[in-house]
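One structure below.
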Amino acid sequence: MEIVLAFTVGALVAGSVYLLLSRNLLRLLFGVILLSNAVNLSIFLVGGLTFGAPPLIAEGRSVLEAPYANPLPQALILTAIVIGFGLLAFSLVLVYRGHQEIGTLDGDALRLAEPPETPAAGGGATAIPTQDRSAA
Amino acid sequence: MNWLVAAPILIPMATAALTGLAWRSVPLQRALTLAGMTALLLAAIALLLQVQHGRILVMQMGGWAAPFGITLVADMLTAIMVLVSALMALAVAVYSLGDIDPVRARTGFHPVFCALMVGVGGAFVTGDLFNMYVWFEVMLIGSFVLLALGGRKEQLDGAIKYACLNLVATAALLLAVALLYGVTGTLNMAELALRVRMVPNQGIVTTIAVLFIVAFGMKAAVFPLFFWLPAAYHTPAVAVQAIFAGLLTKVGVYALLRTFTLIFTGDTGWTHGGILMWIAGLTMLAGVLGSLAVRDLRRAWSWQVVAHIGYMIMGLALYTPLAVAGVVFYLVHDIVVKTNLFLGAGVVRRLGGSADYAGLGGLFKAAPLLAVLLFVPMASLAGFPPLSGFWSKLVLVQAGLEQQSWAIVAVALVTGLLTMALVGRVWAEVVWKPHPDGDIAGTAALPAGQRLALVAPLVLLSGITVAIGLYAQPVMDLSSRAAADLLSPEPYIRAILGEPPPPPVLVGELP
Amino acid sequence: MMNSLILQTATRLLLGLMILFSVFILWRGHNQPGGGFIGGLIVAVAFALHALAYGVRAMRKLLVLDPRTILAAGLALSILAGFVAALGPGGLFANPYLEGRWFVTYTPAGEKSFAIGTPVLFDIGVYLVVIGGILAMVQGLMEED
Amino acid sequence: MTDLLQILAGLLVLGGACFCFVAALGIVRLPDPIMRMHASSKAGTVGCGLILLSVALHFPEGGVMARALAAIAFLLISTPVAAHMIGRAAYACGVELCAGTIADELKDTKDNPRRLLLGQAGPGVERTGGP
Amino acid sequence: MLTAVVAIFLLAALAPSLHRLLPNGSHWVLALGPAAITVWFASQIPAVSGGAVLTQAMHWVPALGVELAFRLDGLSLLFALLVTGIGSLIVVYSGSYLHGHEHQGRFYLFILAFMGSMLGLVLADDMIGLFVFWELTSVTSFLLIGFNHEDARSRRSAVQALLVTATGGLALLAGLVLLGLEGGSFRLSAVQASEVDLRGSALYLPILGLLLLGAFTKSAQVPFHFWLPNAMDAPTPVSAYLHSATMVKAGVYLVARLQPTLGGTEVWIWTLAGFGAVTAVWGGLMALRSTDLKKVLAYTTLMALGVLTLLAGLGSEDAIRAYCVFLLGHSLYKGALFMGAGGVDHGTGTRDVRDLGGLWPKMRLTGLVILLAALSMAGLPPFFGFVGKELIYEGVLEADPAGLWILAGVVLANATMLGAAGLVFVKPFLGRPTPATAHAHENGPALLLGPAVLALLGLGFGLMGSWPAGLLQATAAAVAGRPLALELHLWHGLTPALGLSALTIALGALLYVGLGPVTAALAGLARLSRVDFDAGWDRLLAGLDALARAITRRQQTGALTWYMLATIAVLTLLPGVTLLARGGLQWPDQPVGDDYVGWALCGLMLLGTAGALWARTRLGAITALSIVGMSIALFFLAFSAPDVGITQLMVETLTVIIIVLVLARLPKFGPLERTGAGLRLLKAGLALLAGAVTTAILLSVHAQPLSPHLSEFYAAASYVEAFGHNVVNVIIVDFRGFDTLGEIAVVAMAGLGVLALLKARGAPAAEDQKRETAP
Amino acid sequence: MSLFVTNLLLALAWVAVNGDFSLGGFVAGFILAHLILFLARPLYPGQRYFHTLWGALGFLLWFLKEVWVSSVRVAKGVLGIGPKPTPAVVAIPLDARTDLEITLLACCITLTPGTLSLDVSPDRRTLYIHSMFTEDVEALRRETKETMERRILEFLR
Amino acid sequence: MIPFLQICIEIALGVLLLALVLASVRILRGPSLPDRIIAVDLFGTLCVAAIALLALYTDQPVFIDAAIALALVAFFGTVAYARFVERRTVEETNADD
Ligand code: NA
Ligand code: NA
């Protein structure tokens, strides 16, 4: 199963990267969601997959009896999920407030903080092709 | 059992909780923060005294022996970093008395500032890689909030870019930690040091190491992963800029320094001499050119943050005792100077009404004392002797020349020269040039309390810079010992795992 | 707020149940899936539901405490839970931070029948922080209207 | 007795799964959103409920049974409320009812959710609270 | 010696306060310090002349082997005397010159600090110590040159001087470190005395190049000379000091200091001789072209520096003798001339030769001083300048490799000195009176003392060659690295040198008489060759700026997409390449697995991902992501992670709720998503690559055996030691409870942050505005 | 409802006496206690406990039957067997007054015969429902009021 | 566990996974906002069912708690979606004015 999951995670990463490269900040954040999901799955994967044997010590027993799933990655994922949620929630609200104040969701149009030395149009100096600028 | 090891986390965290409880009262929050940061400083001093004779303090959290629980550990390097960051925290806390407006204070500046210090301290003292990830995240969310606190347009603009890029970095770091666990089965850094050598496939270890370079490198703002820094660092409140510039990227450097002396030492030709070396050179050049390209004091300093990260990476890349000592020294110097520069820029902006060179000037006439206080960190930044920056550069240059790494030394020197160009220009434009609006008021025009809060940190930090410059021996000595400890980590490992480490099993030679 | 009679009535019915369930989840977290985080989330969701049905102001009134206070108190509690270990045995600060201190009862047969300790206290802190944190977000977002 | 219970549980599980499938098929096949909601709210609830019931039968512990029944109860309360909320919202946002709809007694009344929503949400007008 | 250096710095630190206490007499008090030190150094002359060397050393940074080591030999002593002696005269002079200037106290601070740095520089034996003082002179001279800081030209000149000398400084640093490493010690004297054959070392050329770059920039050798005339924007006392005894002499000092260690090779001789000769001629010619008195003098300094470099390069016995004598002579007359010129400026308000004339009746004393010094500069007997010039000719003639070209150059350069001497005295004092000189008045004693003392010394040393001979002999010995006899006579007999002197005088007179045509020719020449170094400097800086901007604009574009693209590319390529290059790729040795629940859930994840990618609407994307999230939760549950599964479900839902709560106010997906096909392809390519690298790394990691020691411990200890049946929960609140502490800190901060973002809108901005406008 | 509490207490006492803390034990105790109280009902005049409890039980059984029937009907509709759907939105005038009554009614309507509560009018006098298989609007209105609403009000009042 | 129940559960799991796919199809296809929301709501309910099935399949009753928790938050999610639809309706209409 790990092999299947490895390919799935790869696909999730590919999808998330494509979203991360969007100009729309919301889509970018969707990419972040996908990415953190993929990473959590990676933690799960490297710890080894075990079907249907949760690491719970049965009532009346004092040790966990094999087979059991590796509990450590689970604990790590739990922490990672919660942390990821905190960061993401804040970022979402940040983007929302950004839209409220600046009036755009276009990551490439955020030019208040930098760089004012650059001519506004970018003058073709940027590495991103400019043909899509007019659409904004 | 020494609770001092946990102090860098527990003291600011308790302070954060208390200031959070006191969120209705700004004066109370301020008092609590000052008290907390003072306590942190005292604890840091005590910690340094404890480790100064080569002792390594270890605390197994919850009493669970390594590698099963989380280990906190303080060696010389940790103690130095904790002390310097505690000093900065106190300085910035004092500065914030005169800088943070009531609105920011009421909406959580103090607890979040303390939480940021929790993250910084945690990253320094932890001996567990996943735990380090956690503290990095604490630092990250703290920086997100502090960056956006106040909600001005350009702040939000910068914060959005900062957040988006750092979220990716964070994911990369977590992935790297997970992968390392996947090949070694442990998260304890001391045990990792032993176990990475036993992985049958050393190629995958190197790959993970490179992933760590990228992940930590992003935190450290190295080329070409620094975009978030110049995009955001100049936007928040001055106190926030200062603590960011002083500490955040350096934590990334610390993490690189720790992991790439303790854990990833199996393929130094590829990781250190190869990737890190290139990164170092390009970071220096990109940073310093960036600082010359802008016409705004805070942005110039932001770019300088990047440039000087390059020096530290260079030291790590050279990977000799002298070079690593140089990195430690550089860390100490750079943290103090960068904090000072941003604080100074804040006062300059307050007096001159702008951060743009064009809108500044007249300081030499209006505020000579301030000019002196600016001169010290600027000259130190440029590496003029006998200030702290000179020694750090000297050590790295010497280490590079010893290794006959001509190219990186040349880049370092050119970067130093361009930094001097920047400093000369800033001095001429900001300090010497008459202010475009005619004469401006000096610091005397500020209310007395505010003046004290704003200037006292500058005096303290400039004093440190001068002191280190004139008498570099103590810091250099500590740095050398820290470097020696880093390069022979057996005592560190033994202190944590409690038993003589088994002889490393080397699995074949690399192709 | 949603201004729906049906939702409001259902919320009134569910709120108490959800809080009860969350305490249950929190309490048995040490032995079964659950714990402070999930429990806290359920409470937060319950109050958020209330906010959706009746508006944020009503929710804040019901909550009595400001989310920030809850959150800070939770953080303080979790930190304190770790400090209990400092009291001993073996003298002040002789044991490491976060070391568990347990109150355990045994059955006549010598088996543990009931155990409560500082990790549980710690988990309660987590519970409070999650409630406070999420409700702070919800409050902020819904006050936007 | 145990075997009998298990056979019953098995049948419940099968039935539940079938209802779940029907619900899913319903939201794919039925022509308009409100119709689809019929499928999801009824078949979904029944399907899920049956499976939970089977769990209640299968595990002998009282706690499990109580929780399974509680879950069913919660489902029975929450699903219709959710359906009401979505239905009202759907109506308010103006989805088209399917062509075969024979009557719409809500559309032209003052109670039309869309009208209420838009009328009350105008600037400066405070929406009146519930009872 | 350390005491002397520290004392001067202390004096510098006290100077502003002292000046505030004694606004009218501070210069006399302050001058006492350097004067006393001069006396102390003078008292060492007999011992040093006798071959003694005073040393003093103390640890500074032992961890680096850096010491504060001082060494007083003939060379150091000569320089120390010049630095402190002329320094004290300058302090007195500037007290009067800058009287009433609002920053006079600061001026004392800078000039004394400069003096201290220069003194340290010439005394230092430790290379790092030498470098420290070297850089200090750069910094303090920067502050001095920019002293008239409200004048844009001053600021430009200061920065220019700083950068040019700093360039050399950094080269010097590298050179010194290499020299130290190669020579086995960081003590100059130790390296000089050591057995190591530096001249044969593979690093000889780099070391030499770096060190000479340092020396040449400091002593303004062509083509690094352009900063020196611009440095004339400094107040006159500074110029006088900079040119006579300090700063520019540092380079010349360094060359002499290194002569015994590195000198004598072909490269050394030809490099120094070549640069020196060119600089000498260039300086002389440019002096004739100038009309500003100070500029004239500045260019003559260039000439002198060129000659000194040339002499140090030749390294023959006579050349070394000439070096020592000319060094002293030049310092005396140049100090006097600058101060005199300052006096003229002070008395008339102008320094332009064209506006000056007929000053003699009004400023006799000043005129006399300038005359004496100018005669010495012109190299006429019986002045010390003449002695120096004779020795120069002898040195050049004697030196074996010195070619005719160099000889010609030196003669020409000396001739221009004569012309320049005429320029500074004849025209201003004897020429026709001008409107500018109508109200000229004589200067007070403080302004006359310094130049007079120096000018008289120039005459006295010329007449009484035995006075300085002992000291100069010790100097020569230090430069040569071995004992060297030196006697000074006005009359050397009928030597070729005398002939050359006569030729020089004739040529010089010709130059002065024909000044008009010569200047025109020179101007034409300069235009023709377009060698305008000063403008070149501006172009260099502008080019640097443009380069910086271009590079910065290309990387820091401001476009988030680009940042993300670059970041992810690095994140993908570096590990990817490493995986391949270091042979890390490995396929796990296990069956793919036939667990259909897992397969199906993976399939659902993929379905959801595809949906999120192709979604046209925001809600479409969000709901598609919900599919992914819930499938992952089910996956966790199926593969034995109930806590994770529940948490994932709840967090997933909560995330969606938060998105939905903010979504209503955000715009729909719009034209932003329509990008060019090429760009889309690039993004898709990178995405696929990232996915492939991830999969490859995960598979390779999974192929490694996983040590179970941690989970085994948790399985055994969870209940027995930590009283919990749920192992995962026990890890979270106990074994790794510290992680959770950090985790809840994150949640808490996120909550606070969201509230802060949403609650405090606009208010701080207004607050900041208020504060900025009314400080 | 004090009888209900008494019933509960008796059940708990039974559990305690038996030392059997399981759900089964509790249910057994509850039924036993209920029987006892039922036999002793003349002691508690004016109590509607038995009426309510049995009414609720009866309603629940009826309701579950309706849910089943409606689900099967919807299932047929989904699968395309049985009659073609004839949807309609119908207004039902309400006799139910309290929040609980209205809510319960709306929920039950949603869960039963091809009907779905869409909204309650702001004046709380009309419930709008969507019906999937509508033969006659008036018949639907009448049927809903007389079966569903009557039964709910019966056991709630 | 008797084989019959085992087989029933496995078949049911398969059917349920198919149902999840169908629900996904509606989520992805939309077309209207309420369509997606209904489908997500159903997806949540199906997940609850799947979790209950997993409890049977793995013989771990603890999964029931997951089911309850999911039912709770899924309900809240649906209400939030409904609110979103109403808000958006208001916003868009206002924007058109
Ligand atoms: Na738990
Ligand atoms: Na593995």
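Labeling convention for the structure tokens: chains A, B, ... as they appear, residues from 1 per chain, ligands from 1 in order of appearance.
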Interface residues on chain B facing chain C, 7 Å, only C-alpha atoms, written as a VMD selection string: chain B and resid 1 3 14 17 20 to 21 59 to 63
Backbone DSSP call of alpha helix (DSSP H) for segment 1-133 of chain A, listed as an MDAnalysis selection string: chainID A and resid 2:20 25:46 71:102
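The space separating atom CA of Asp595 of chain E from atom CA of Met1 of chain A comes to 6.8 Å.
The shortest atom-to-atom distance to Gly44 of chain D, with only C-alpha atoms taken into account, belongs to G:Leu46 out of G:Val15, G:Ala52, G:Leu22, G:Leu46.
Nearest residue to ligand 2, choosing from E:His149, E:Val746, E:Leu688, E:Trp587 and counting only C-alpha atoms and all ligand atoms: E:Trp587.
Closest approach to chain G among D:Ala71, D:Ala103, D:Ala39, D:Val46: D:Ala71, based on only C-alpha atoms.
In this model, the gap between atom CA of Gln32 of chain C and atom CA of Glu721 of chain E comes to 16.9 Å.
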Test item: residues at most 9 Å from Ala51 of chain C, only C-alpha atoms, excluding those fewer than 4 positions along its chain, as a ChimeraX atom specification: /C:1,46-47,55-60,138-139,142
Same residues, all heavy atoms, output as a short mmCIF file (atom, residue, chain, number, x, y, z; two decimals), in the first residue's frame:
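part25.cif, written as the output of this step:
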data_model
loop_
_atom_site.label_atom_id
_atom_site.label_comp_id
_atom_site.auth_asym_id
_atom_site.auth_seq_id
_atom_site.Cartn_x
_atom_site.Cartn_y
_atom_site.Cartn_z
N MET C 1 -25.97 36.38 11.51
CA MET C 1 -26.82 35.29 12.01
C MET C 1 -27.80 34.86 10.95
O MET C 1 -28.08 35.57 9.99
CB MET C 1 -27.48 35.74 13.30
CG MET C 1 -28.73 36.55 13.13
SD MET C 1 -29.25 37.10 14.75
CE MET C 1 -30.99 36.87 14.58
N ALA C 46 -19.74 23.99 18.78
CA ALA C 46 -21.05 24.21 19.40
C ALA C 46 -21.32 25.71 19.54
O ALA C 46 -22.39 26.20 19.16
CB ALA C 46 -21.10 23.52 20.75
N PHE C 47 -20.35 26.42 20.07
CA PHE C 47 -20.57 27.86 20.25
C PHE C 47 -20.64 28.58 18.91
O PHE C 47 -21.38 29.55 18.76
CB PHE C 47 -19.47 28.44 21.13
CG PHE C 47 -19.73 28.24 22.59
CD1 PHE C 47 -19.16 27.19 23.28
CD2 PHE C 47 -20.59 29.10 23.28
CE1 PHE C 47 -19.42 26.99 24.61
CE2 PHE C 47 -20.85 28.90 24.62
CZ PHE C 47 -20.26 27.85 25.29
N GLY C 55 -26.29 34.93 16.38
CA GLY C 55 -25.43 36.11 16.27
C GLY C 55 -24.30 36.03 17.29
O GLY C 55 -24.39 35.35 18.31
N VAL C 56 -23.22 36.76 16.96
CA VAL C 56 -22.01 36.68 17.78
C VAL C 56 -22.22 37.25 19.17
O VAL C 56 -21.70 36.75 20.16
CB VAL C 56 -20.86 37.45 17.09
CG1 VAL C 56 -19.60 37.33 17.91
CG2 VAL C 56 -20.63 36.91 15.72
N ARG C 57 -23.03 38.31 19.23
CA ARG C 57 -23.19 38.96 20.51
C ARG C 57 -23.82 37.99 21.52
O ARG C 57 -23.38 37.91 22.67
CB ARG C 57 -24.06 40.20 20.35
CG ARG C 57 -23.48 41.37 21.11
CD ARG C 57 -24.14 42.66 20.72
NE ARG C 57 -23.45 43.32 19.62
CZ ARG C 57 -23.98 44.32 18.94
NH1 ARG C 57 -25.19 44.75 19.21
NH2 ARG C 57 -23.30 44.89 17.98
N ALA C 58 -24.83 37.27 21.04
CA ALA C 58 -25.48 36.31 21.93
C ALA C 58 -24.48 35.24 22.35
O ALA C 58 -24.45 34.81 23.51
CB ALA C 58 -26.66 35.68 21.21
N MET C 59 -23.65 34.83 21.41
CA MET C 59 -22.66 33.81 21.71
C MET C 59 -21.69 34.32 22.79
O MET C 59 -21.39 33.60 23.74
CB MET C 59 -21.91 33.44 20.43
CG MET C 59 -20.93 32.30 20.55
SD MET C 59 -19.29 32.85 20.99
CE MET C 59 -18.58 33.16 19.39
N ARG C 60 -21.23 35.55 22.63
CA ARG C 60 -20.28 36.11 23.60
C ARG C 60 -20.91 36.18 24.99
O ARG C 60 -20.27 35.94 26.00
CB ARG C 60 -19.83 37.50 23.16
CG ARG C 60 -18.64 37.50 22.27
CD ARG C 60 -17.36 37.17 23.03
NE ARG C 60 -16.83 38.33 23.75
CZ ARG C 60 -16.86 38.47 25.06
NH1 ARG C 60 -17.41 37.55 25.81
NH2 ARG C 60 -16.35 39.52 25.63
N VAL C 138 -13.62 32.63 15.19
CA VAL C 138 -15.03 32.69 14.78
C VAL C 138 -15.63 34.05 15.13
O VAL C 138 -16.30 34.68 14.31
CB VAL C 138 -15.80 31.55 15.47
CG1 VAL C 138 -17.29 31.74 15.32
CG2 VAL C 138 -15.38 30.22 14.88
N GLN C 139 -15.32 34.49 16.33
CA GLN C 139 -15.86 35.78 16.75
C GLN C 139 -15.41 36.89 15.80
O GLN C 139 -16.22 37.67 15.32
CB GLN C 139 -15.40 36.08 18.17
CG GLN C 139 -15.94 37.40 18.70
CD GLN C 139 -15.30 37.76 20.04
OE1 GLN C 139 -14.89 36.88 20.78
NE2 GLN C 139 -15.24 39.04 20.34
N MET C 142 -17.13 36.54 12.36
CA MET C 142 -18.57 36.79 12.27
C MET C 142 -18.92 38.22 12.66
O MET C 142 -19.95 38.72 12.26
CB MET C 142 -19.31 35.79 13.14
CG MET C 142 -19.23 34.40 12.57
SD MET C 142 -20.40 33.33 13.32
CE MET C 142 -19.99 31.79 12.55
#
Protein and nucleic residues near ligand 1, 6 Å, only C-alpha atoms and all ligand atoms, as a PyMOL selection string: (chain C and resi 29+33-35) or (chain E and resi 643+729)
At most 9 Å from ligand 2 (only C-alpha atoms and all ligand atoms): residue list as an MDAnalysis selection string: (chainID A and resid 45:48) or (chainID B and resid 179:185) or (chainID E and resid 698:707)
Shell of 8 Å around segment 7-13 of chain B, only C-alpha atoms, local chain residues under 2 positions omitted, as a list in words: Trp3, Leu4, Val5, Thr15, Ala16, Ala17, Gly36, Met37, Ala39, Leu40, Ala43, Ala44, Val82, Cys114, Ala115, Met117, Val118, Gly119, Gly121, Gly122 and Val125 of chain B; Ile79 of chain C
Any chance you can output those residues with N, CA and C atoms as a PDB file, in the first residue's frame?
ATOM      1  N   TRP B   3      16.761  23.038  35.240  1.00  0.00           N
ATOM      2  CA  TRP B   3      15.627  23.749  34.653  1.00  0.00           C
ATOM      3  C   TRP B   3      16.043  24.955  33.833  1.00  0.00           C
ATOM      4  N   LEU B   4      17.307  25.354  33.987  1.00  0.00           N
ATOM      5  CA  LEU B   4      17.768  26.492  33.193  1.00  0.00           C
ATOM      6  C   LEU B   4      17.633  26.204  31.705  1.00  0.00           C
ATOM      7  N   VAL B   5      17.794  24.938  31.339  1.00  0.00           N
ATOM      8  CA  VAL B   5      17.713  24.599  29.925  1.00  0.00           C
ATOM      9  C   VAL B   5      16.333  24.932  29.377  1.00  0.00           C
ATOM     10  N   THR B  15       5.263  34.250  30.269  1.00  0.00           N
ATOM     11  CA  THR B  15       5.005  35.670  30.070  1.00  0.00           C
ATOM     12  C   THR B  15       3.900  35.879  29.032  1.00  0.00           C
ATOM     13  N   ALA B  16       3.972  35.071  27.980  1.00  0.00           N
ATOM     14  CA  ALA B  16       2.940  35.193  26.947  1.00  0.00           C
ATOM     15  C   ALA B  16       1.569  34.896  27.530  1.00  0.00           C
ATOM     16  N   ALA B  17       1.489  33.841  28.324  1.00  0.00           N
ATOM     17  CA  ALA B  17       0.193  33.488  28.904  1.00  0.00           C
ATOM     18  C   ALA B  17      -0.299  34.597  29.823  1.00  0.00           C
ATOM     19  N   GLY B  36       9.408  39.735  32.286  1.00  0.00           N
ATOM     20  CA  GLY B  36       9.684  38.427  31.695  1.00  0.00           C
ATOM     21  C   GLY B  36      10.993  38.420  30.934  1.00  0.00           C
ATOM     22  N   MET B  37      11.214  39.466  30.140  1.00  0.00           N
ATOM     23  CA  MET B  37      12.433  39.479  29.334  1.00  0.00           C
ATOM     24  C   MET B  37      13.667  39.678  30.210  1.00  0.00           C
ATOM     25  N   ALA B  39      13.886  38.500  33.247  1.00  0.00           N
ATOM     26  CA  ALA B  39      14.108  37.168  33.826  1.00  0.00           C
ATOM     27  C   ALA B  39      14.788  36.258  32.807  1.00  0.00           C
ATOM     28  N   LEU B  40      14.361  36.382  31.565  1.00  0.00           N
ATOM     29  CA  LEU B  40      14.957  35.565  30.513  1.00  0.00           C
ATOM     30  C   LEU B  40      16.451  35.858  30.392  1.00  0.00           C
ATOM     31  N   ALA B  43      18.290  34.352  33.290  1.00  0.00           N
ATOM     32  CA  ALA B  43      18.409  32.903  33.107  1.00  0.00           C
ATOM     33  C   ALA B  43      19.456  32.589  32.054  1.00  0.00           C
ATOM     34  N   ALA B  44      19.493  33.393  31.004  1.00  0.00           N
ATOM     35  CA  ALA B  44      20.456  33.145  29.930  1.00  0.00           C
ATOM     36  C   ALA B  44      21.880  33.308  30.436  1.00  0.00           C
ATOM     37  N   VAL B  82      21.186  31.850  23.148  1.00  0.00           N
ATOM     38  CA  VAL B  82      20.112  32.219  24.074  1.00  0.00           C
ATOM     39  C   VAL B  82      20.421  33.564  24.712  1.00  0.00           C
ATOM     40  N   CYS B 114       6.175  37.734  22.981  1.00  0.00           N
ATOM     41  CA  CYS B 114       6.735  36.718  23.881  1.00  0.00           C
ATOM     42  C   CYS B 114       6.712  35.344  23.203  1.00  0.00           C
ATOM     43  N   ALA B 115       5.625  35.067  22.489  1.00  0.00           N
ATOM     44  CA  ALA B 115       5.537  33.771  21.823  1.00  0.00           C
ATOM     45  C   ALA B 115       6.644  33.641  20.777  1.00  0.00           C
ATOM     46  N   MET B 117       9.530  34.874  21.030  1.00  0.00           N
ATOM     47  CA  MET B 117      10.743  34.527  21.771  1.00  0.00           C
ATOM     48  C   MET B 117      10.706  33.073  22.232  1.00  0.00           C
ATOM     49  N   VAL B 118       9.494  32.564  22.503  1.00  0.00           N
ATOM     50  CA  VAL B 118       9.371  31.146  22.833  1.00  0.00           C
ATOM     51  C   VAL B 118       9.925  30.315  21.675  1.00  0.00           C
ATOM     52  N   GLY B 119       9.475  30.670  20.483  1.00  0.00           N
ATOM     53  CA  GLY B 119       9.920  29.921  19.314  1.00  0.00           C
ATOM     54  C   GLY B 119      11.426  30.003  19.143  1.00  0.00           C
ATOM     55  N   GLY B 121      13.752  30.718  21.420  1.00  0.00           N
ATOM     56  CA  GLY B 121      14.435  29.976  22.480  1.00  0.00           C
ATOM     57  C   GLY B 121      14.295  28.478  22.288  1.00  0.00           C
ATOM     58  N   GLY B 122      13.095  28.065  21.915  1.00  0.00           N
ATOM     59  CA  GLY B 122      12.854  26.641  21.716  1.00  0.00           C
ATOM     60  C   GLY B 122      13.748  26.067  20.641  1.00  0.00           C
ATOM     61  N   VAL B 125      17.248  25.543  22.134  1.00  0.00           N
ATOM     62  CA  VAL B 125      17.551  24.558  23.181  1.00  0.00           C
ATOM     63  C   VAL B 125      17.109  23.142  22.843  1.00  0.00           C
TER      64      VAL B 125
ATOM     65  N   ILE C  79       1.007  25.171  30.992  1.00  0.00           N
ATOM     66  CA  ILE C  79       2.368  25.419  31.464  1.00  0.00           C
ATOM     67  C   ILE C  79       2.482  24.995  32.924  1.00  0.00           C
TER      68      ILE C  79
END
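All residues of protein, DNA or RNA that reach within 10 Å of segment 56-58 of chain D, judged by only C-alpha atoms and not counting those fewer than 4 positions away in the chain, are Thr2, Leu5, Gln6, Ile7, Leu8, Ala9, Gly10, Leu12, Leu50, Ile51, Leu52, Gly62, Gly63, Val64, Met65, Ala66, Arg67, Ala68 and Leu69 of chain D; Met1, Leu5, Ala52, Ala55, Leu56, Asp59, Pro61 and Ile64 of chain G.
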Include C-alpha atoms and write out the residues we just selected as a CSV table (one decimal), in the first residue's frame.
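What follows is the written file part_39.csv:
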chain,number,residue,atom,x,y,z
D,2,THR,CA,-24.9,-14.0,19.0
D,5,LEU,CA,-27.5,-10.8,16.1
D,6,GLN,CA,-24.6,-10.9,13.7
D,7,ILE,CA,-26.7,-12.0,10.8
D,8,LEU,CA,-29.1,-9.2,11.6
D,9,ALA,CA,-26.2,-6.8,11.8
D,10,GLY,CA,-24.9,-8.0,8.4
D,12,LEU,CA,-28.6,-4.0,8.4
D,50,LEU,CA,-29.0,1.4,9.6
D,51,ILE,CA,-25.2,1.0,9.7
D,52,LEU,CA,-25.0,2.7,13.0
D,62,GLY,CA,-23.5,-0.5,26.7
D,63,GLY,CA,-21.3,2.6,26.0
D,64,VAL,CA,-20.9,1.7,22.4
D,65,MET,CA,-24.6,1.1,22.0
D,66,ALA,CA,-25.5,4.3,23.7
D,67,ARG,CA,-23.1,6.3,21.4
D,68,ALA,CA,-24.4,4.6,18.3
D,69,LEU,CA,-27.9,5.4,19.2
G,1,MET,CA,-17.2,-12.5,13.7
G,5,LEU,CA,-21.1,-10.5,8.6
G,52,ALA,CA,-19.2,3.0,11.3
G,55,ALA,CA,-15.7,0.1,13.3
G,56,LEU,CA,-17.4,-3.1,12.4
G,59,ASP,CA,-13.8,-4.6,15.4
G,61,PRO,CA,-15.9,0.4,18.6
G,64,ILE,CA,-18.0,5.5,16.7
Counting only C-alpha atoms, give me one row per residue of chain G with an atom at most 9 Å from an atom of chain A, showing the shortest contact pair and its distance in Å to one decimal, sorted by chain then residue number, as JSON lines.
{"residue": "G:Leu54", "atom": "CA", "partner": "A:Gly52", "partner_atom": "CA", "distance": 8.2}
{"residue": "G:Tyr57", "atom": "CA", "partner": "A:Gly52", "partner_atom": "CA", "distance": 8.0}
{"residue": "G:Thr58", "atom": "CA", "partner": "A:Gly52", "partner_atom": "CA", "distance": 5.1}
{"residue": "G:Asp59", "atom": "CA", "partner": "A:Gly52", "partner_atom": "CA", "distance": 8.3}
{"residue": "G:Gln60", "atom": "CA", "partner": "A:Gly52", "partner_atom": "CA", "distance": 8.2}
